[in-house]
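Shown next: entry_30.cif, containing mmCIF, C-alpha atoms.
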```
data_start
#
loop_
_atom_site.group_PDB
_atom_site.id
_atom_site.type_symbol
_atom_site.label_atom_id
_atom_site.label_comp_id
_atom_site.auth_asym_id
_atom_site.auth_seq_id
_atom_site.Cartn_x
_atom_site.Cartn_y
_atom_site.Cartn_z
ATOM 1 C CA MET A 1265 -30.532 16.505 47.486
ATOM 2 C CA PRO A 1266 -30.696 16.292 43.664
ATOM 3 C CA ARG A 1267 -30.103 19.575 41.917
ATOM 4 C CA ASN A 1268 -32.722 21.749 40.240
ATOM 5 C CA SER A 1269 -35.923 20.478 41.835
ATOM 6 C CA ARG A 1270 -38.590 23.050 40.943
ATOM 7 C CA ILE A 1271 -41.402 22.613 43.459
ATOM 8 C CA LEU A 1272 -44.986 23.892 43.514
ATOM 9 C CA ILE A 1273 -46.835 23.764 46.862
ATOM 10 C CA ALA A 1274 -50.634 23.372 46.979
ATOM 11 C CA ASP A 1275 -52.375 23.649 50.355
ATOM 12 C CA ASN A 1276 -55.472 25.518 51.469
ATOM 13 C CA HIS A 1277 -53.829 26.737 54.689
ATOM 14 C CA GLY A 1278 -51.726 29.860 54.262
ATOM 15 C CA ILE A 1279 -49.579 29.165 57.316
ATOM 16 C CA MET A 1280 -48.804 25.674 56.006
ATOM 17 C CA ARG A 1281 -47.833 27.042 52.587
ATOM 18 C CA ASP A 1282 -45.589 29.681 54.161
ATOM 19 C CA GLY A 1283 -44.076 27.137 56.530
ATOM 20 C CA LEU A 1284 -43.269 24.683 53.738
ATOM 21 C CA CYS A 1285 -41.750 27.443 51.632
ATOM 22 C CA ALA A 1286 -39.505 28.485 54.533
ATOM 23 C CA LEU A 1287 -38.585 24.875 55.337
ATOM 24 C CA LEU A 1288 -37.707 23.890 51.779
ATOM 25 C CA ALA A 1289 -36.051 27.142 50.746
ATOM 26 C CA GLY A 1290 -32.950 26.184 52.685
ATOM 27 C CA LEU A 1291 -32.419 22.916 50.822
ATOM 28 C CA ASP A 1292 -29.707 22.832 48.178
ATOM 29 C CA GLY A 1293 -31.028 22.385 44.673
ATOM 30 C CA VAL A 1294 -34.652 23.190 45.579
ATOM 31 C CA GLU A 1295 -36.500 26.123 44.047
ATOM 32 C CA ILE A 1296 -40.053 26.988 45.124
ATOM 33 C CA VAL A 1297 -41.726 28.172 41.918
ATOM 34 C CA GLY A 1298 -45.114 28.998 43.409
ATOM 35 C CA THR A 1299 -47.986 28.149 45.741
ATOM 36 C CA ALA A 1300 -51.687 27.452 45.281
ATOM 37 C CA ALA A 1301 -54.658 27.429 47.650
ATOM 38 C CA ASN A 1302 -57.196 25.385 45.696
ATOM 39 C CA GLY A 1303 -57.591 22.984 42.803
ATOM 40 C CA ALA A 1304 -58.185 25.596 40.103
ATOM 41 C CA ASP A 1305 -55.155 27.622 41.206
ATOM 42 C CA THR A 1306 -53.079 24.449 41.274
ATOM 43 C CA LEU A 1307 -53.960 23.505 37.699
ATOM 44 C CA ARG A 1308 -53.210 27.035 36.538
ATOM 45 C CA ALA A 1309 -49.917 27.163 38.441
ATOM 46 C CA VAL A 1310 -48.817 23.813 37.004
ATOM 47 C CA ASP A 1311 -49.238 25.240 33.513
ATOM 48 C CA GLU A 1312 -47.635 28.598 34.298
ATOM 49 C CA THR A 1313 -44.668 27.574 36.437
ATOM 50 C CA THR A 1314 -43.870 24.130 34.888
ATOM 51 C CA PRO A 1315 -42.611 22.589 38.143
ATOM 52 C CA ASP A 1316 -40.750 19.290 38.409
ATOM 53 C CA MET A 1317 -42.672 18.352 41.542
ATOM 54 C CA LEU A 1318 -45.996 19.164 43.160
ATOM 55 C CA ILE A 1319 -46.505 18.861 46.919
ATOM 56 C CA VAL A 1320 -50.257 18.757 47.491
ATOM 57 C CA ASP A 1321 -52.795 18.200 50.253
ATOM 58 C CA PHE A 1322 -56.232 16.763 49.506
ATOM 59 C CA SER A 1323 -57.858 19.635 51.409
ATOM 60 C CA CYS A 1324 -56.956 22.207 48.754
ATOM 61 C CA CYS A 1325 -59.535 20.787 46.331
ATOM 62 C CA ALA A 1326 -63.195 21.633 45.978
ATOM 63 C CA THR A 1327 -63.841 18.163 44.517
ATOM 64 C CA THR A 1328 -61.405 15.435 45.550
ATOM 65 C CA GLY A 1329 -57.650 15.458 45.730
ATOM 66 C CA THR A 1330 -57.426 12.255 43.743
ATOM 67 C CA ASP A 1331 -59.363 13.856 40.884
ATOM 68 C CA LEU A 1332 -56.872 16.729 40.877
ATOM 69 C CA ILE A 1333 -53.928 14.318 40.832
ATOM 70 C CA GLY A 1334 -55.479 12.451 37.902
ATOM 71 C CA GLN A 1335 -56.062 15.672 35.945
ATOM 72 C CA ILE A 1336 -52.505 16.848 36.498
ATOM 73 C CA LYS A 1337 -50.997 13.505 35.510
ATOM 74 C CA LYS A 1338 -52.942 13.624 32.229
ATOM 75 C CA ARG A 1339 -51.538 17.072 31.496
ATOM 76 C CA ARG A 1340 -48.026 16.453 32.809
ATOM 77 C CA PRO A 1341 -47.352 12.706 33.193
ATOM 78 C CA GLU A 1342 -43.705 13.403 33.990
ATOM 79 C CA LEU A 1343 -44.565 15.716 36.919
ATOM 80 C CA ARG A 1344 -43.757 14.117 40.272
ATOM 81 C CA ILE A 1345 -46.608 14.399 42.783
ATOM 82 C CA LEU A 1346 -46.131 14.109 46.546
ATOM 83 C CA VAL A 1347 -49.200 13.999 48.783
ATOM 84 C CA LEU A 1348 -48.526 15.730 52.118
ATOM 85 C CA THR A 1349 -51.585 15.461 54.344
ATOM 86 C CA PHE A 1350 -53.057 14.506 57.716
ATOM 87 C CA HIS A 1351 -55.337 11.961 56.024
ATOM 88 C CA LYS A 1352 -54.229 8.368 56.567
ATOM 89 C CA GLU A 1353 -57.366 6.464 55.604
ATOM 90 C CA ASP A 1354 -56.546 3.366 53.571
ATOM 91 C CA TYR A 1355 -59.015 4.202 50.800
ATOM 92 C CA LEU A 1356 -57.450 7.647 50.303
ATOM 93 C CA ILE A 1357 -53.925 6.247 50.156
ATOM 94 C CA GLU A 1358 -55.005 3.664 47.595
ATOM 95 C CA ALA A 1359 -56.969 6.215 45.561
ATOM 96 C CA ALA A 1360 -54.033 8.637 45.520
ATOM 97 C CA LEU A 1361 -51.597 5.998 44.277
ATOM 98 C CA ARG A 1362 -54.047 4.783 41.647
ATOM 99 C CA ALA A 1363 -54.560 8.371 40.470
ATOM 100 C CA GLY A 1364 -50.832 8.738 39.914
ATOM 101 C CA ALA A 1365 -49.316 10.072 43.147
ATOM 102 C CA ASP A 1366 -45.617 9.223 43.400
ATOM 103 C CA GLY A 1367 -45.311 9.684 47.150
ATOM 104 C CA TYR A 1368 -47.357 9.957 50.340
ATOM 105 C CA VAL A 1369 -46.245 11.523 53.647
ATOM 106 C CA LEU A 1370 -48.228 12.537 56.733
ATOM 107 C CA LYS A 1371 -47.936 16.091 58.046
ATOM 108 C CA ASN A 1372 -47.403 14.906 61.609
ATOM 109 C CA GLU A 1373 -44.299 12.898 60.697
ATOM 110 C CA ASP A 1374 -40.712 14.029 61.100
ATOM 111 C CA ARG A 1375 -39.397 16.495 58.524
ATOM 112 C CA ALA A 1376 -36.804 13.879 57.563
ATOM 113 C CA GLN A 1377 -39.616 11.894 55.947
ATOM 114 C CA LEU A 1378 -40.514 14.891 53.789
ATOM 115 C CA PHE A 1379 -36.898 15.497 52.785
ATOM 116 C CA CYS A 1380 -36.451 11.815 51.950
ATOM 117 C CA ALA A 1381 -39.616 11.853 49.843
ATOM 118 C CA ILE A 1382 -38.461 14.897 47.874
ATOM 119 C CA ASN A 1383 -35.086 13.295 47.326
ATOM 120 C CA MET A 1384 -36.561 9.990 46.122
ATOM 121 C CA LEU A 1385 -39.123 11.601 43.830
ATOM 122 C CA SER A 1386 -36.459 13.882 42.377
ATOM 123 C CA GLU A 1387 -34.549 10.748 41.378
ATOM 124 C CA GLY A 1388 -37.602 9.361 39.585
ATOM 125 C CA LYS A 1389 -38.493 6.918 42.348
ATOM 126 C CA ARG A 1390 -41.577 6.550 44.534
ATOM 127 C CA TYR A 1391 -41.815 6.980 48.288
ATOM 128 C CA LEU A 1392 -44.225 6.086 51.077
ATOM 129 C CA SER A 1393 -43.314 7.376 54.521
ATOM 130 C CA VAL A 1394 -42.649 4.912 57.322
ATOM 131 C CA ALA A 1395 -46.087 5.392 58.875
ATOM 132 C CA ILE A 1396 -47.882 4.970 55.560
ATOM 133 C CA SER A 1397 -45.924 1.951 54.343
ATOM 134 C CA GLU A 1398 -46.392 0.176 57.679
ATOM 135 C CA ARG A 1399 -50.092 0.985 57.705
ATOM 136 C CA VAL A 1400 -50.716 -0.149 54.150
ATOM 137 C CA THR A 1401 -48.609 -3.286 54.293
ATOM 138 C CA SER A 1402 -49.623 -4.504 57.743
ATOM 139 C CA GLY A 1403 -53.232 -3.649 57.058
ATOM 140 C CA HIS A 1404 -53.485 -6.027 54.129
ATOM 141 C CA VAL A 1405 -51.540 -9.124 55.162
ATOM 142 C CA ASN A 1406 -53.008 -12.498 55.973
ATOM 143 C CA ALA A 1407 -53.333 -12.950 59.727
ATOM 144 C CA GLN A 1408 -52.316 -16.587 59.944
ATOM 145 C CA GLY A 1409 -50.518 -17.893 63.013
ATOM 146 C CA PRO A 1410 -47.231 -16.592 64.491
ATOM 147 C CA GLY A 1411 -45.837 -13.519 62.800
ATOM 148 C CA ALA A 1412 -49.238 -12.373 61.547
ATOM 149 C CA GLY A 1413 -49.101 -8.752 60.430
ATOM 150 C CA ARG A 1414 -45.798 -9.248 58.639
ATOM 151 C CA THR A 1415 -45.230 -9.928 54.968
ATOM 152 C CA ARG A 1416 -43.709 -13.239 53.995
ATOM 153 C CA PRO A 1417 -40.139 -13.447 52.645
ATOM 154 C CA ALA A 1418 -39.735 -12.343 49.030
ATOM 155 C CA ARG A 1419 -37.123 -14.991 48.204
ATOM 156 C CA THR A 1420 -39.817 -17.301 46.851
ATOM 157 C CA LEU A 1421 -40.649 -14.920 44.005
ATOM 158 C CA THR A 1422 -39.757 -16.057 40.495
ATOM 159 C CA PRO A 1423 -37.564 -13.869 38.256
ATOM 160 C CA ARG A 1424 -40.670 -12.851 36.283
ATOM 161 C CA GLU A 1425 -42.577 -11.958 39.452
ATOM 162 C CA ILE A 1426 -39.626 -9.820 40.547
ATOM 163 C CA GLU A 1427 -39.760 -8.023 37.194
ATOM 164 C CA VAL A 1428 -43.459 -7.379 37.725
ATOM 165 C CA ILE A 1429 -43.086 -6.114 41.290
ATOM 166 C CA LYS A 1430 -40.291 -3.748 40.219
ATOM 167 C CA LEU A 1431 -42.568 -2.233 37.585
ATOM 168 C CA ILE A 1432 -45.401 -1.952 40.110
ATOM 169 C CA ALA A 1433 -43.003 -0.069 42.404
ATOM 170 C CA ALA A 1434 -42.188 2.231 39.476
ATOM 171 C CA GLY A 1435 -45.882 3.125 39.281
ATOM 172 C CA GLN A 1436 -46.778 1.221 36.127
ATOM 173 C CA ARG A 1437 -50.230 -0.245 35.629
ATOM 174 C CA THR A 1438 -51.017 -3.744 34.404
ATOM 175 C CA ARG A 1439 -51.393 -2.749 30.744
ATOM 176 C CA GLU A 1440 -48.106 -0.829 30.805
ATOM 177 C CA ILE A 1441 -46.326 -3.769 32.438
ATOM 178 C CA ALA A 1442 -47.748 -6.158 29.854
ATOM 179 C CA ARG A 1443 -46.577 -3.937 27.015
ATOM 180 C CA GLN A 1444 -43.080 -3.510 28.461
ATOM 181 C CA LEU A 1445 -42.609 -7.234 29.092
ATOM 182 C CA SER A 1446 -44.318 -8.234 25.819
ATOM 183 C CA LEU A 1447 -46.842 -10.369 27.686
ATOM 184 C CA SER A 1448 -50.626 -10.438 27.744
ATOM 185 C CA HIS A 1449 -52.692 -8.477 30.248
ATOM 186 C CA LYS A 1450 -54.036 -11.777 31.601
ATOM 187 C CA THR A 1451 -50.515 -13.185 32.119
ATOM 188 C CA ILE A 1452 -49.441 -10.142 34.114
ATOM 189 C CA GLU A 1453 -52.549 -10.457 36.275
ATOM 190 C CA LYS A 1454 -51.622 -14.083 36.991
ATOM 191 C CA HIS A 1455 -48.076 -13.108 37.973
ATOM 192 C CA ARG A 1456 -49.381 -10.361 40.230
ATOM 193 C CA ALA A 1457 -51.900 -12.696 41.859
ATOM 194 C CA SER A 1458 -49.143 -15.233 42.446
ATOM 195 C CA LEU A 1459 -46.711 -12.789 44.056
ATOM 196 C CA MET A 1460 -49.495 -11.338 46.205
ATOM 197 C CA ARG A 1461 -50.323 -14.837 47.445
ATOM 198 C CA LYS A 1462 -46.664 -15.590 48.204
ATOM 199 C CA LEU A 1463 -46.189 -12.296 50.073
ATOM 200 C CA GLY A 1464 -49.511 -12.514 51.882
ATOM 201 C CA LEU A 1465 -50.757 -9.222 50.416
ATOM 202 C CA LYS A 1466 -54.348 -8.518 49.494
ATOM 203 C CA THR A 1467 -54.376 -5.321 47.419
ATOM 204 C CA ALA A 1468 -52.372 -3.661 44.664
ATOM 205 C CA THR A 1469 -51.612 -0.811 47.066
ATOM 206 C CA ALA A 1470 -50.108 -3.253 49.559
ATOM 207 C CA VAL A 1471 -47.947 -4.677 46.757
ATOM 208 C CA ALA A 1472 -46.734 -1.188 45.842
ATOM 209 C CA ALA A 1473 -45.986 -0.418 49.493
ATOM 210 C CA PHE A 1474 -44.052 -3.675 49.887
ATOM 211 C CA ALA A 1475 -42.081 -3.079 46.697
ATOM 212 C CA ILE A 1476 -41.193 0.489 47.610
ATOM 213 C CA THR A 1477 -40.220 -0.211 51.225
ATOM 214 C CA HIS A 1478 -38.192 -3.314 50.326
ATOM 215 C CA GLY A 1479 -36.052 -1.563 47.737
ATOM 216 C CA TYR A 1480 -37.407 -3.038 44.503
ATOM 217 C CA HIS A 1481 -37.570 0.461 43.017
ATOM 218 C CA ASP A 1482 -33.797 0.745 43.472
ATOM 219 C CA SER A 1483 -32.924 -2.524 41.754
#
```
Target format C-alpha coordinates, applied to this file:
Amino acid sequence: MPRNSRILIADNHGIMRDGLCALLAGLDGVEIVGTAANGADTLRAVDETTPDMLIVDFSCCATTGTDLIGQIKKRRPELRILVLTFHKEDYLIEAALRAGADGYVLKNEDRAQLFCAINMLSEGKRYLSVAISERVTSGHVNAQGPGAGRTRPARTLTPREIEVIKLIAAGQRTREIARQLSLSHKTIEKHRASLMRKLGLKTATAVAAFAITHGYHDS
(Lines of atoms letter the chains of each structure in order from A and count residues from 1; the text may use other names and numbers.)
(Lines give C-alpha, C1' and ligand atoms only; values in the text may rest on other atoms or scores of the structure.)
Protein backbone atom coordinates (compact mmCIF):
# COMPACT_ATOMS: atom_id res chain seq x y z
CA MET A 1 0.00 0.00 0.00
CA PRO A 2 1.44 3.42 -0.95
CA ARG A 3 2.40 5.56 2.00
CA ASN A 4 0.51 8.58 3.31
CA SER A 5 -2.93 8.06 1.80
CA ARG A 6 -5.22 10.49 3.63
CA ILE A 7 -8.76 9.21 3.17
CA LEU A 8 -12.15 10.83 3.76
CA ILE A 9 -15.20 8.52 3.93
CA ALA A 10 -18.65 9.76 2.88
CA ASP A 11 -21.65 7.48 3.46
CA ASN A 12 -25.08 8.11 4.91
CA HIS A 13 -25.03 4.91 6.98
CA GLY A 14 -23.23 5.26 10.30
CA ILE A 15 -22.48 1.55 10.59
CA MET A 16 -20.91 1.57 7.12
CA ARG A 17 -18.75 4.59 7.98
CA ASP A 18 -17.61 2.97 11.23
CA GLY A 19 -16.98 -0.34 9.49
CA LEU A 20 -14.87 1.25 6.74
CA CYS A 21 -12.88 3.23 9.29
CA ALA A 22 -12.13 0.04 11.25
CA LEU A 23 -11.30 -1.91 8.08
CA LEU A 24 -8.95 0.69 6.62
CA ALA A 25 -7.32 1.78 9.87
CA GLY A 26 -5.22 -1.36 9.87
CA LEU A 27 -3.67 -0.70 6.47
CA ASP A 28 -0.12 0.61 6.39
CA GLY A 29 0.17 4.13 5.06
CA VAL A 30 -3.57 4.90 5.35
CA GLU A 31 -4.88 7.68 7.56
CA ILE A 32 -8.63 8.28 7.95
CA VAL A 33 -8.93 12.06 8.19
CA GLY A 34 -12.70 12.22 8.65
CA THR A 35 -16.18 11.02 7.74
CA ALA A 36 -19.28 12.67 6.31
CA ALA A 37 -22.95 11.68 6.19
CA ASN A 38 -24.26 13.89 3.39
CA GLY A 39 -23.21 16.03 0.46
CA ALA A 40 -22.88 19.31 2.37
CA ASP A 41 -20.77 17.67 5.08
CA THR A 42 -18.63 16.04 2.41
CA LEU A 43 -17.87 19.34 0.67
CA ARG A 44 -17.03 20.95 4.00
CA ALA A 45 -14.84 18.03 5.08
CA VAL A 46 -12.95 18.08 1.78
CA ASP A 47 -12.02 21.70 2.43
CA GLU A 48 -11.20 21.21 6.11
CA THR A 49 -9.29 17.93 6.06
CA THR A 50 -7.62 18.17 2.59
CA PRO A 51 -7.67 14.41 1.93
CA ASP A 52 -5.79 12.66 -0.86
CA MET A 53 -8.74 10.36 -1.53
CA LEU A 54 -12.49 10.38 -1.05
CA ILE A 55 -14.47 7.15 -0.74
CA VAL A 56 -18.10 8.04 -1.41
CA ASP A 57 -21.49 6.40 -1.90
CA PHE A 58 -24.17 8.02 -4.05
CA SER A 59 -26.68 7.64 -1.22
CA CYS A 60 -25.01 10.29 0.93
CA CYS A 61 -26.22 13.09 -1.36
CA ALA A 62 -29.48 15.00 -1.27
CA THR A 63 -29.14 15.70 -5.01
CA THR A 64 -27.11 13.19 -7.01
CA GLY A 65 -23.78 11.61 -6.27
CA THR A 66 -22.47 12.52 -9.69
CA ASP A 67 -23.20 16.19 -9.03
CA LEU A 68 -21.20 15.96 -5.81
CA ILE A 69 -18.29 14.29 -7.61
CA GLY A 70 -18.32 17.04 -10.24
CA GLN A 71 -18.34 19.79 -7.60
CA ILE A 72 -15.45 18.23 -5.71
CA LYS A 73 -13.37 17.73 -8.85
CA LYS A 74 -13.79 21.42 -9.70
CA ARG A 75 -12.53 22.38 -6.25
CA ARG A 76 -9.83 19.73 -5.97
CA PRO A 77 -9.03 18.22 -9.39
CA GLU A 78 -6.12 16.29 -7.91
CA LEU A 79 -8.31 14.57 -5.28
CA ARG A 80 -8.81 10.88 -6.06
CA ILE A 81 -12.46 9.79 -5.83
CA LEU A 82 -13.54 6.18 -5.33
CA VAL A 83 -17.24 5.32 -5.57
CA LEU A 84 -18.15 2.51 -3.16
CA THR A 85 -21.82 1.62 -3.56
CA PHE A 86 -24.45 -1.06 -4.12
CA HIS A 87 -25.59 0.69 -7.31
CA LYS A 88 -24.48 -1.09 -10.47
CA GLU A 89 -26.76 0.50 -13.06
CA ASP A 90 -24.89 1.24 -16.28
CA TYR A 91 -26.07 4.86 -16.44
CA LEU A 92 -24.76 5.55 -12.92
CA ILE A 93 -21.38 4.00 -13.66
CA GLU A 94 -21.07 6.07 -16.83
CA ALA A 95 -22.25 9.25 -15.10
CA ALA A 96 -19.79 8.76 -12.24
CA LEU A 97 -16.83 8.30 -14.58
CA ARG A 98 -17.86 11.28 -16.68
CA ALA A 99 -18.17 13.40 -13.53
CA GLY A 100 -14.59 12.57 -12.60
CA ALA A 101 -14.67 9.44 -10.44
CA ASP A 102 -11.34 7.60 -10.54
CA GLY A 103 -12.64 4.25 -9.34
CA TYR A 104 -15.83 2.25 -8.85
CA VAL A 105 -16.33 -0.75 -6.52
CA LEU A 106 -19.49 -2.50 -5.33
CA LYS A 107 -20.09 -2.92 -1.60
CA ASN A 108 -20.96 -6.59 -1.98
CA GLU A 109 -17.59 -7.44 -3.53
CA ASP A 110 -14.60 -8.89 -1.71
CA ARG A 111 -12.58 -6.49 0.43
CA ALA A 112 -9.59 -7.25 -1.80
CA GLN A 113 -11.29 -5.23 -4.53
CA LEU A 114 -11.50 -2.23 -2.20
CA PHE A 115 -7.86 -2.56 -1.14
CA CYS A 116 -6.77 -2.88 -4.77
CA ALA A 117 -8.78 0.21 -5.71
CA ILE A 118 -7.20 2.27 -2.92
CA ASN A 119 -3.77 1.09 -3.96
CA MET A 120 -4.31 1.92 -7.64
CA LEU A 121 -5.84 5.33 -6.98
CA SER A 122 -3.04 6.17 -4.56
CA GLU A 123 -0.61 5.57 -7.43
CA GLY A 124 -2.51 7.99 -9.66
CA LYS A 125 -4.23 5.27 -11.66
CA ARG A 126 -7.89 4.40 -12.17
CA TYR A 127 -9.69 1.25 -11.10
CA LEU A 128 -12.94 -0.54 -11.88
CA SER A 129 -13.65 -3.65 -9.83
CA VAL A 130 -13.97 -7.00 -11.56
CA ALA A 131 -17.77 -6.97 -11.44
CA ILE A 132 -18.00 -3.43 -12.79
CA SER A 133 -15.45 -3.82 -15.57
CA GLU A 134 -17.08 -7.05 -16.75
CA ARG A 135 -20.52 -5.48 -16.64
CA VAL A 136 -19.52 -2.34 -18.51
CA THR A 137 -17.38 -4.03 -21.13
CA SER A 138 -19.61 -7.03 -21.85
CA GLY A 139 -22.68 -4.84 -21.80
CA HIS A 140 -21.49 -2.71 -24.69
CA VAL A 141 -19.86 -5.12 -27.14
CA ASN A 142 -21.22 -6.11 -30.51
CA ALA A 143 -23.02 -9.45 -30.31
CA GLN A 144 -21.85 -10.91 -33.59
CA GLY A 145 -21.36 -14.65 -33.95
CA PRO A 146 -19.11 -16.90 -31.82
CA GLY A 147 -17.43 -15.17 -28.92
CA ALA A 148 -20.10 -12.48 -28.66
CA GLY A 149 -19.85 -10.66 -25.35
CA ARG A 150 -16.07 -10.43 -25.56
CA THR A 151 -13.99 -7.54 -26.80
CA ARG A 152 -11.90 -8.06 -29.90
CA PRO A 153 -8.09 -8.26 -29.71
CA ALA A 154 -6.34 -4.92 -29.24
CA ARG A 155 -3.39 -5.82 -31.47
CA THR A 156 -5.07 -4.15 -34.45
CA LEU A 157 -4.87 -0.71 -32.83
CA THR A 158 -2.51 1.80 -34.42
CA PRO A 159 0.20 3.50 -32.33
CA ARG A 160 -1.90 6.69 -32.27
CA GLU A 161 -5.02 4.80 -31.17
CA ILE A 162 -2.99 3.23 -28.36
CA GLU A 163 -1.89 6.71 -27.28
CA VAL A 164 -5.53 7.80 -27.23
CA ILE A 165 -6.77 4.78 -25.28
CA LYS A 166 -4.01 5.25 -22.68
CA LEU A 167 -5.13 8.84 -22.13
CA ILE A 168 -8.77 7.73 -21.90
CA ALA A 169 -7.71 5.23 -19.22
CA ALA A 170 -5.97 8.09 -17.40
CA GLY A 171 -9.33 9.89 -17.24
CA GLN A 172 -8.67 12.58 -19.83
CA ARG A 173 -11.46 13.98 -21.97
CA THR A 174 -11.35 14.52 -25.72
CA ARG A 175 -10.28 18.17 -25.50
CA GLU A 176 -7.50 17.33 -23.04
CA ILE A 177 -6.28 14.48 -25.25
CA ALA A 178 -6.29 16.75 -28.30
CA ARG A 179 -4.27 19.38 -26.47
CA GLN A 180 -1.73 16.86 -25.15
CA LEU A 181 -1.22 15.21 -28.55
CA SER A 182 -1.33 18.54 -30.43
CA LEU A 183 -4.20 17.31 -32.60
CA SER A 184 -7.64 18.68 -33.35
CA HIS A 185 -10.73 17.71 -31.36
CA LYS A 186 -12.20 16.21 -34.54
CA THR A 187 -9.09 14.06 -35.16
CA ILE A 188 -9.22 12.62 -31.66
CA GLU A 189 -12.89 11.79 -32.13
CA LYS A 190 -12.01 9.92 -35.33
CA HIS A 191 -9.29 7.93 -33.56
CA ARG A 192 -11.65 7.08 -30.72
CA ALA A 193 -14.39 6.02 -33.13
CA SER A 194 -11.90 3.83 -34.97
CA LEU A 195 -10.58 2.06 -31.87
CA MET A 196 -14.12 1.56 -30.57
CA ARG A 197 -15.06 -0.09 -33.87
CA LYS A 198 -11.99 -2.34 -33.79
CA LEU A 199 -12.63 -3.38 -30.17
CA GLY A 200 -16.36 -3.79 -30.65
CA LEU A 201 -17.19 -1.21 -27.97
CA LYS A 202 -20.14 1.15 -28.12
CA THR A 203 -19.60 3.79 -25.42
CA ALA A 204 -16.80 5.90 -23.97
CA THR A 205 -17.36 4.16 -20.63
CA ALA A 206 -16.80 0.77 -22.25
CA VAL A 207 -13.56 2.10 -23.76
CA ALA A 208 -12.40 3.31 -20.34
CA ALA A 209 -13.29 -0.05 -18.78
CA PHE A 210 -11.40 -1.93 -21.50
CA ALA A 211 -8.36 0.32 -21.16
CA ILE A 212 -8.26 0.03 -17.38
CA THR A 213 -8.79 -3.73 -17.20
CA HIS A 214 -6.30 -4.46 -20.00
CA GLY A 215 -3.46 -2.53 -18.40
CA TYR A 216 -3.22 0.51 -20.68
CA HIS A 217 -3.08 2.75 -17.60
CA ASP A 218 0.13 0.98 -16.56
CA SER A 219 1.93 1.38 -19.88
Exercise for the section: Spell out the residues picked by the PyMOL selection byres ((chain A and resi 1342-1359) around 6) here, as a PyMOL selection string. Expected result: chain A and resi 1316-1321+1340-1341+1360-1362+1365-1371+1469
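Put simply, CA of Asn1302 in chain A is 7.0 Å away from CA of Ala1274 in chain A.
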Fill in the blank from the handout: Counting only C-alpha atoms, the residue among A:Ala1363, A:Ala1309, A:Ile1382, A:His1449 that lies closest to Gly1334 in chain A is A:Ala1363
Practice task
May I ask which of the residues A:Leu1392, A:Val1294, A:Ser1397, A:Ser1458 is the closest one to Arg1424 in chain A, counting only C-alpha atoms?
Solution key: A:Ser1458
I'd like the box whose edges run along x, y and z of the file and which contains every listed atom of range 1275-1283 of chain A, padded by 6 Å per side; could you state its centre and edge lengths in Å, one decimal, as lines of an AutoDock Vina configuration file?
```
center_x = -49.8
center_y = 26.8
center_z = 53.8
size_x = 23.4
size_y = 18.2
size_z = 19.0
```
Practice task
Could you jot down the CA of Ile1429 in chain A to CA of Leu1378 in chain A separation for me, Å, one decimal place?
Solution key: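 That distance, rounded to one decimal, is 24.6 Å.
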Practice task
Step by step, work through what the PyMOL selection byres ((chain A and resi 1279-1291) around 12) selects in the shown file, and finish by giving those residues as an MDAnalysis selection string.
Solution key: chainID A and resid 1265:1278 1292:1302 1319:1321 1323:1324 1348:1349 1371 1375:1376 1378:1380 1382:1383
Practice task
Kindly give the distance, in Å, that separates CA of Ile1426 in chain A and CA of Gly1364 in chain A, rounded to a single decimal.
Solution key: 21.7 Å
Problem - Selection result of the PyMOL selection byres ((chain A and resi 1471) around 9) on this file, as a list of chain:residue names - result: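 Matching residues under the PyMOL selection byres ((chain A and resi 1471) around 9) are A:Thr1401, A:Ile1429, A:Ile1432, A:Ala1433, A:Arg1456, A:Leu1459, A:Met1460, A:Leu1463, A:Leu1465, A:Lys1466, A:Thr1467, A:Ala1468, A:Thr1469, A:Ala1470, A:Ala1472, A:Ala1473, A:Phe1474, A:Ala1475, A:Ile1476.
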